[in-house]
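Asker: For reference, the file protein-v2.cif (mmCIF, C-alpha atoms) is included below:
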```cif
data_input
#
loop_
_atom_site.group_PDB
_atom_site.id
_atom_site.type_symbol
_atom_site.label_atom_id
_atom_site.label_comp_id
_atom_site.auth_asym_id
_atom_site.auth_seq_id
_atom_site.Cartn_x
_atom_site.Cartn_y
_atom_site.Cartn_z
ATOM 1 C CA MET A 1 0.000 0.000 0.000
ATOM 2 C CA LEU A 2 2.861 2.360 0.832
ATOM 3 C CA GLY A 3 4.328 1.836 -2.663
ATOM 4 C CA PHE A 4 1.032 2.771 -4.275
ATOM 5 C CA CYS A 5 0.848 6.014 -2.257
ATOM 6 C CA ARG A 6 4.382 6.967 -3.305
ATOM 7 C CA LEU A 7 3.569 6.188 -6.902
ATOM 8 C CA ALA A 8 0.367 8.256 -6.743
ATOM 9 C CA ARG A 9 2.285 11.174 -5.156
ATOM 10 C CA TYR A 10 4.999 10.881 -7.807
ATOM 11 C CA PHE A 11 2.452 11.063 -10.665
ATOM 12 C CA SER A 12 0.663 13.954 -8.961
ATOM 13 C CA GLU A 13 3.930 15.904 -8.710
ATOM 14 C CA LEU A 14 4.749 15.028 -12.304
ATOM 15 C CA GLU A 15 1.355 16.361 -13.438
ATOM 16 C CA GLN A 16 1.863 19.582 -11.452
ATOM 17 C CA LYS A 17 5.258 20.101 -13.106
ATOM 18 C CA ALA A 18 3.707 19.486 -16.528
ATOM 19 C CA GLN A 19 0.953 22.028 -15.833
ATOM 20 C CA MET A 20 3.521 24.601 -14.700
ATOM 21 C CA THR A 21 5.578 23.927 -17.830
ATOM 22 C CA ARG A 22 2.501 24.366 -20.059
ATOM 23 C CA ALA A 23 1.614 27.597 -18.251
ATOM 24 C CA ALA A 24 5.169 28.886 -18.647
ATOM 25 C CA THR A 25 5.149 27.964 -22.344
ATOM 26 C CA MET A 26 1.824 29.713 -22.932
ATOM 27 C CA THR A 27 3.070 32.784 -21.056
ATOM 28 C CA ARG A 28 6.221 32.826 -23.199
ATOM 29 C CA LYS A 29 4.167 32.421 -26.404
ATOM 30 C CA LEU A 30 1.829 35.218 -25.358
ATOM 31 C CA GLY A 31 4.863 37.412 -24.660
ATOM 32 C CA THR A 32 6.180 36.616 -28.136
ATOM 33 C CA LEU A 33 2.829 37.512 -29.699
ATOM 34 C CA ILE A 34 2.818 40.843 -27.876
ATOM 35 C CA SER A 35 6.391 41.597 -28.947
ATOM 36 C CA VAL A 36 5.968 40.921 -32.689
ATOM 37 C CA GLY A 37 4.046 44.096 -33.328
ATOM 38 C CA PRO A 38 0.576 44.918 -34.612
ATOM 39 C CA ARG A 39 1.143 43.862 -38.251
ATOM 40 C CA ARG A 40 2.116 40.306 -37.321
ATOM 41 C CA GLN A 41 -0.536 40.186 -34.585
ATOM 42 C CA LEU A 42 -3.147 40.921 -37.237
ATOM 43 C CA LEU A 43 -1.719 38.142 -39.403
ATOM 44 C CA VAL A 44 -2.027 35.713 -36.469
ATOM 45 C CA LEU A 45 -5.678 36.695 -35.978
ATOM 46 C CA GLN A 46 -6.335 36.236 -39.681
ATOM 47 C CA ALA A 47 -4.587 32.856 -39.576
ATOM 48 C CA ILE A 48 -6.879 31.751 -36.733
ATOM 49 C CA VAL A 49 -9.943 32.745 -38.752
ATOM 50 C CA GLN A 50 -8.672 31.164 -41.979
ATOM 51 C CA LEU A 51 -7.644 27.889 -40.305
ATOM 52 C CA GLY A 52 -11.104 27.640 -38.759
ATOM 53 C CA ARG A 53 -12.691 28.477 -42.109
ATOM 54 C CA ALA A 54 -10.582 25.876 -43.917
ATOM 55 C CA ARG A 55 -11.564 23.216 -41.410
ATOM 56 C CA TRP A 56 -15.237 24.175 -41.684
ATOM 57 C CA LEU A 57 -15.188 24.220 -45.499
ATOM 58 C CA LEU A 58 -13.579 20.782 -45.671
ATOM 59 C CA ARG A 59 -16.042 19.299 -43.198
ATOM 60 C CA GLN A 60 -19.210 20.968 -44.507
ATOM 61 C CA HIS A 61 -18.616 21.209 -48.248
ATOM 62 C CA GLY A 62 -15.929 18.643 -49.008
ATOM 63 C CA TRP A 63 -12.810 18.667 -51.101
ATOM 64 C CA ALA A 64 -14.554 19.338 -54.444
ATOM 65 C CA SER A 65 -15.870 22.680 -53.219
ATOM 66 C CA VAL A 66 -12.577 23.691 -51.622
ATOM 67 C CA SER A 67 -10.425 22.703 -54.607
ATOM 68 C CA ALA A 68 -12.483 24.949 -56.890
ATOM 69 C CA ARG A 69 -11.296 27.925 -54.815
ATOM 70 C CA LEU A 70 -7.582 27.093 -55.124
ATOM 71 C CA GLY A 71 -7.135 27.775 -58.829
ATOM 72 C CA THR A 72 -6.517 25.541 -61.814
ATOM 73 C CA MET A 73 -5.089 22.075 -61.210
ATOM 74 C CA ILE A 74 -2.166 21.031 -63.390
ATOM 75 C CA ALA A 75 0.442 18.291 -63.249
ATOM 76 C CA ALA A 76 3.147 19.151 -60.727
ATOM 77 C CA LEU A 77 5.875 18.603 -63.344
ATOM 78 C CA ASP A 78 4.522 21.558 -65.344
ATOM 79 C CA VAL A 79 4.847 24.065 -62.482
ATOM 80 C CA PRO A 80 8.535 25.118 -62.535
ATOM 81 C CA ALA A 81 8.062 26.729 -65.956
ATOM 82 C CA LEU A 82 5.165 28.788 -64.581
ATOM 83 C CA GLN A 83 6.870 30.214 -61.509
ATOM 84 C CA ALA A 84 8.912 33.280 -62.308
ATOM 85 C CA PRO A 85 11.985 34.036 -60.208
ATOM 86 C CA ILE A 86 11.715 36.763 -57.603
ATOM 87 C CA SER A 87 12.268 40.223 -59.032
ATOM 88 C CA VAL A 88 12.957 43.408 -57.103
ATOM 89 C CA ALA A 89 9.272 44.341 -57.447
ATOM 90 C CA ASP A 90 8.283 41.073 -55.741
ATOM 91 C CA LEU A 91 10.294 41.643 -52.553
ATOM 92 C CA THR A 92 7.362 43.133 -50.640
ATOM 93 C CA ALA A 93 5.109 40.267 -51.706
ATOM 94 C CA ALA A 94 7.842 37.774 -50.770
ATOM 95 C CA ARG A 95 8.164 39.278 -47.299
ATOM 96 C CA LEU A 96 4.403 39.135 -46.848
ATOM 97 C CA ALA A 97 4.289 35.519 -48.068
ATOM 98 C CA ARG A 98 6.976 34.593 -45.541
ATOM 99 C CA ASP A 99 5.066 36.361 -42.759
ATOM 100 C CA VAL A 100 1.801 34.612 -43.699
ATOM 101 C CA GLY A 101 3.604 31.266 -43.529
ATOM 102 C CA TRP A 102 5.003 32.184 -40.126
ATOM 103 C CA ALA A 103 1.578 33.184 -38.790
ATOM 104 C CA VAL A 104 -0.236 30.085 -40.063
ATOM 105 C CA GLY A 105 2.519 27.739 -38.891
ATOM 106 C CA ALA A 106 2.833 29.393 -35.497
ATOM 107 C CA ILE A 107 -0.859 29.351 -34.630
ATOM 108 C CA ALA A 108 -1.739 25.946 -36.152
ATOM 109 C CA ARG A 109 -0.322 24.134 -33.107
ATOM 110 C CA PHE A 110 -2.688 26.014 -30.803
ATOM 111 C CA MET A 111 -5.956 25.516 -32.671
ATOM 112 C CA PRO A 112 -8.658 23.525 -30.841
ATOM 113 C CA PHE A 113 -8.528 20.986 -33.703
ATOM 114 C CA ARG A 114 -5.613 19.365 -35.454
ATOM 115 C CA ALA A 115 -4.760 21.824 -38.226
ATOM 116 C CA LYS A 116 -2.994 19.536 -40.683
ATOM 117 C CA CYS A 117 -0.985 20.480 -43.725
ATOM 118 C CA LEU A 118 -4.098 20.703 -45.903
ATOM 119 C CA GLU A 119 -5.867 23.176 -43.612
ATOM 120 C CA GLN A 120 -2.656 25.190 -43.293
ATOM 121 C CA ALA A 121 -2.166 25.351 -47.073
ATOM 122 C CA ILE A 122 -5.795 26.388 -47.617
ATOM 123 C CA ALA A 123 -5.544 29.086 -44.920
ATOM 124 C CA ALA A 124 -2.272 30.497 -46.276
ATOM 125 C CA HIS A 125 -3.688 30.411 -49.812
ATOM 126 C CA ALA A 126 -6.738 32.421 -48.723
ATOM 127 C CA MET A 127 -4.617 34.956 -46.830
ATOM 128 C CA LEU A 128 -2.336 35.479 -49.835
ATOM 129 C CA ASN A 129 -5.214 35.552 -52.319
ATOM 130 C CA VAL A 130 -6.902 38.403 -50.434
ATOM 131 C CA ARG A 131 -3.656 40.349 -50.793
ATOM 132 C CA GLY A 132 -3.426 39.686 -54.538
ATOM 133 C CA ILE A 133 -0.499 37.271 -54.230
ATOM 134 C CA GLY A 134 -0.818 34.130 -56.335
ATOM 135 C CA ALA A 135 0.011 30.893 -54.542
ATOM 136 C CA PHE A 136 0.975 27.478 -55.874
ATOM 137 C CA THR A 137 -0.619 24.755 -53.738
ATOM 138 C CA TYR A 138 1.084 21.372 -54.203
ATOM 139 C CA PHE A 139 -0.170 17.919 -53.325
ATOM 140 C CA GLY A 140 2.139 14.967 -52.978
ATOM 141 C CA VAL A 141 2.020 11.343 -51.924
ATOM 142 C CA SER A 142 4.291 8.745 -50.395
ATOM 143 C CA THR A 143 3.909 4.986 -50.309
ATOM 144 C CA VAL A 144 7.046 4.170 -48.309
ATOM 145 C CA SER A 145 5.098 2.947 -45.267
ATOM 146 C CA GLY A 146 3.009 0.616 -47.437
ATOM 147 C CA GLU A 147 0.032 2.959 -47.259
ATOM 148 C CA ILE A 148 -0.648 6.045 -49.312
ATOM 149 C CA GLU A 149 0.136 9.157 -47.287
ATOM 150 C CA ALA A 150 -0.567 12.654 -48.563
ATOM 151 C CA HIS A 151 0.981 16.059 -47.906
ATOM 152 C CA ALA A 152 0.170 19.616 -49.016
ATOM 153 C CA TRP A 153 2.544 22.554 -49.281
ATOM 154 C CA LEU A 154 2.413 26.052 -50.702
ATOM 155 C CA ASP A 155 4.766 28.412 -52.554
ATOM 156 C CA ALA A 156 4.215 32.031 -53.504
ATOM 157 C CA VAL A 157 6.492 34.508 -55.315
ATOM 158 C CA GLY A 158 9.363 32.052 -55.021
ATOM 159 C CA ILE A 159 8.976 31.681 -51.231
ATOM 160 C CA ARG A 160 8.331 28.375 -49.493
ATOM 161 C CA VAL A 161 5.323 29.499 -47.469
ATOM 162 C CA ILE A 162 3.935 26.494 -45.567
ATOM 163 C CA GLY A 163 4.326 22.706 -45.464
ATOM 164 C CA TYR A 164 8.110 22.685 -45.660
ATOM 165 C CA PRO A 165 10.354 20.842 -45.466
ATOM 166 C CA VAL A 166 8.650 18.316 -47.717
ATOM 167 C CA PRO A 167 9.819 14.823 -46.736
ATOM 168 C CA ARG A 168 12.108 13.262 -49.360
ATOM 169 C CA ASP A 169 9.861 10.286 -49.982
ATOM 170 C CA TYR A 170 6.928 12.489 -51.069
ATOM 171 C CA VAL A 171 6.387 13.059 -54.773
ATOM 172 C CA ALA A 172 4.407 16.061 -56.000
ATOM 173 C CA ILE A 173 1.562 14.835 -58.199
ATOM 174 C CA SER A 174 -0.519 17.961 -58.765
ATOM 175 C CA CYS A 175 -0.542 21.670 -58.168
ATOM 176 C CA PHE A 176 -3.210 24.331 -58.101
ATOM 177 C CA VAL A 177 -1.920 27.433 -59.835
ATOM 178 C CA PRO A 178 -3.254 30.989 -59.561
ATOM 179 C CA ALA A 179 -5.718 32.190 -62.189
ATOM 180 C CA THR A 180 -3.042 34.498 -63.639
ATOM 181 C CA CYS A 181 -0.921 31.446 -64.544
ATOM 182 C CA SER A 182 -3.642 29.035 -65.608
ATOM 183 C CA ALA A 183 -3.785 30.474 -69.138
ATOM 184 C CA LEU A 184 -0.082 29.735 -69.750
#
```
Could you write out this file's structure as structure tokens?

Answerer:
Amino acid sequence: MLGFCRLARYFSELEQKAQMTRAATMTRKLGTLISVGPRRQLLVLQAIVQLGRARWLLRQHGWASVSARLGTMIAALDVPALQAPISVADLTAARLARDVGWAVGAIARFMPFRAKCLEQAIAAHAMLNVRGIGAFTYFGVSTVSGEIEAHAWLDAVGIRVIGYPVPRDYVAISCFVPATCSAL
């Protein structure tokens, strides 16, 4: 009986330490959010809304409805010819694309649902689209584990926005390109 009491006390202390660690982590994250400035804070709020919207759209309307909003689907092998290298005029858009990726990636871990790569790519795509920045949303698969596994990632103006690094065993099979590139 004495051993059980010690074990129960040990697990209780362990749980208290874990709670204190979580509280300290949340306090540190909140401090970081406060220190990044109003522009990035707004991006984080928009990322929260867009991640929730992406989750809702996928659950309520399904993939067919969501994919229609992403652009024109082409074979992934055709994409490199469509993406132009970053020019001096694109530097502002590139910085914004990087910041959108940061905001979506940073807040995805704290959503009340599991915001997977697909939801993150859809959210980042929507945030960039509103700002007039075309995004290339890739879909890839891997069969290394014996099962088909999928992954989504997104590029914009030559910047790797979200979903990176892409594991080596994943092969891009399709890409949704912005409307400005679909005519090429």

Asker: The PyMOL selection byres ((chain A and resi 178) around 9) - which residues does that actually catch in the file I just gave you? List them as a ChimeraX atom specification.

Answerer: /A:70-72,129,133-137,176-177,179-182

Asker: Can you measure atom CA of Leu128 of chain A to atom CA of Val141 of chain A for me? One decimal in Å is fine.

Answerer: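 Between atom CA of Leu128 of chain A and atom CA of Val141 of chain A the gap works out to 24.6 Å.
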
Asker: Between atom CA of Arg160 of chain A and atom CA of Ala76 of chain A, what is the distance, to one decimal in Å?

Answerer: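 Answer for the atom CA of Arg160 of chain A to atom CA of Ala76 of chain A separation: 15.4 Å.
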
Asker: Quote the spacing between atom CA of Val104 of chain A and atom CA of Gly37 of chain A in Å to one decimal place.

Answerer: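 For atom CA of Val104 of chain A relative to atom CA of Gly37 of chain A, the distance reads 16.1 Å.
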
Asker: Just want the 6 Å neighbourhood of Ser174 of chain A, counted on only C-alpha atoms, with same-chain residues fewer than 6 positions away dropped. Output as JSON, numbers by chain.

Answerer: {"A": [74, 75, 76, 138, 139]}

Asker: What does the PyMOL selection byres ((chain A and resi 54) around 12) select in this file, as JSON, numbers by chain?

Answerer: {"A": [46, 47, 48, 49, 50, 51, 52, 53, 55, 56, 57, 58, 59, 60, 61, 62, 63, 65, 66, 67, 69, 70, 104, 108, 113, 114, 115, 116, 117, 118, 119, 120, 121, 122, 123, 124, 125, 126, 127]}
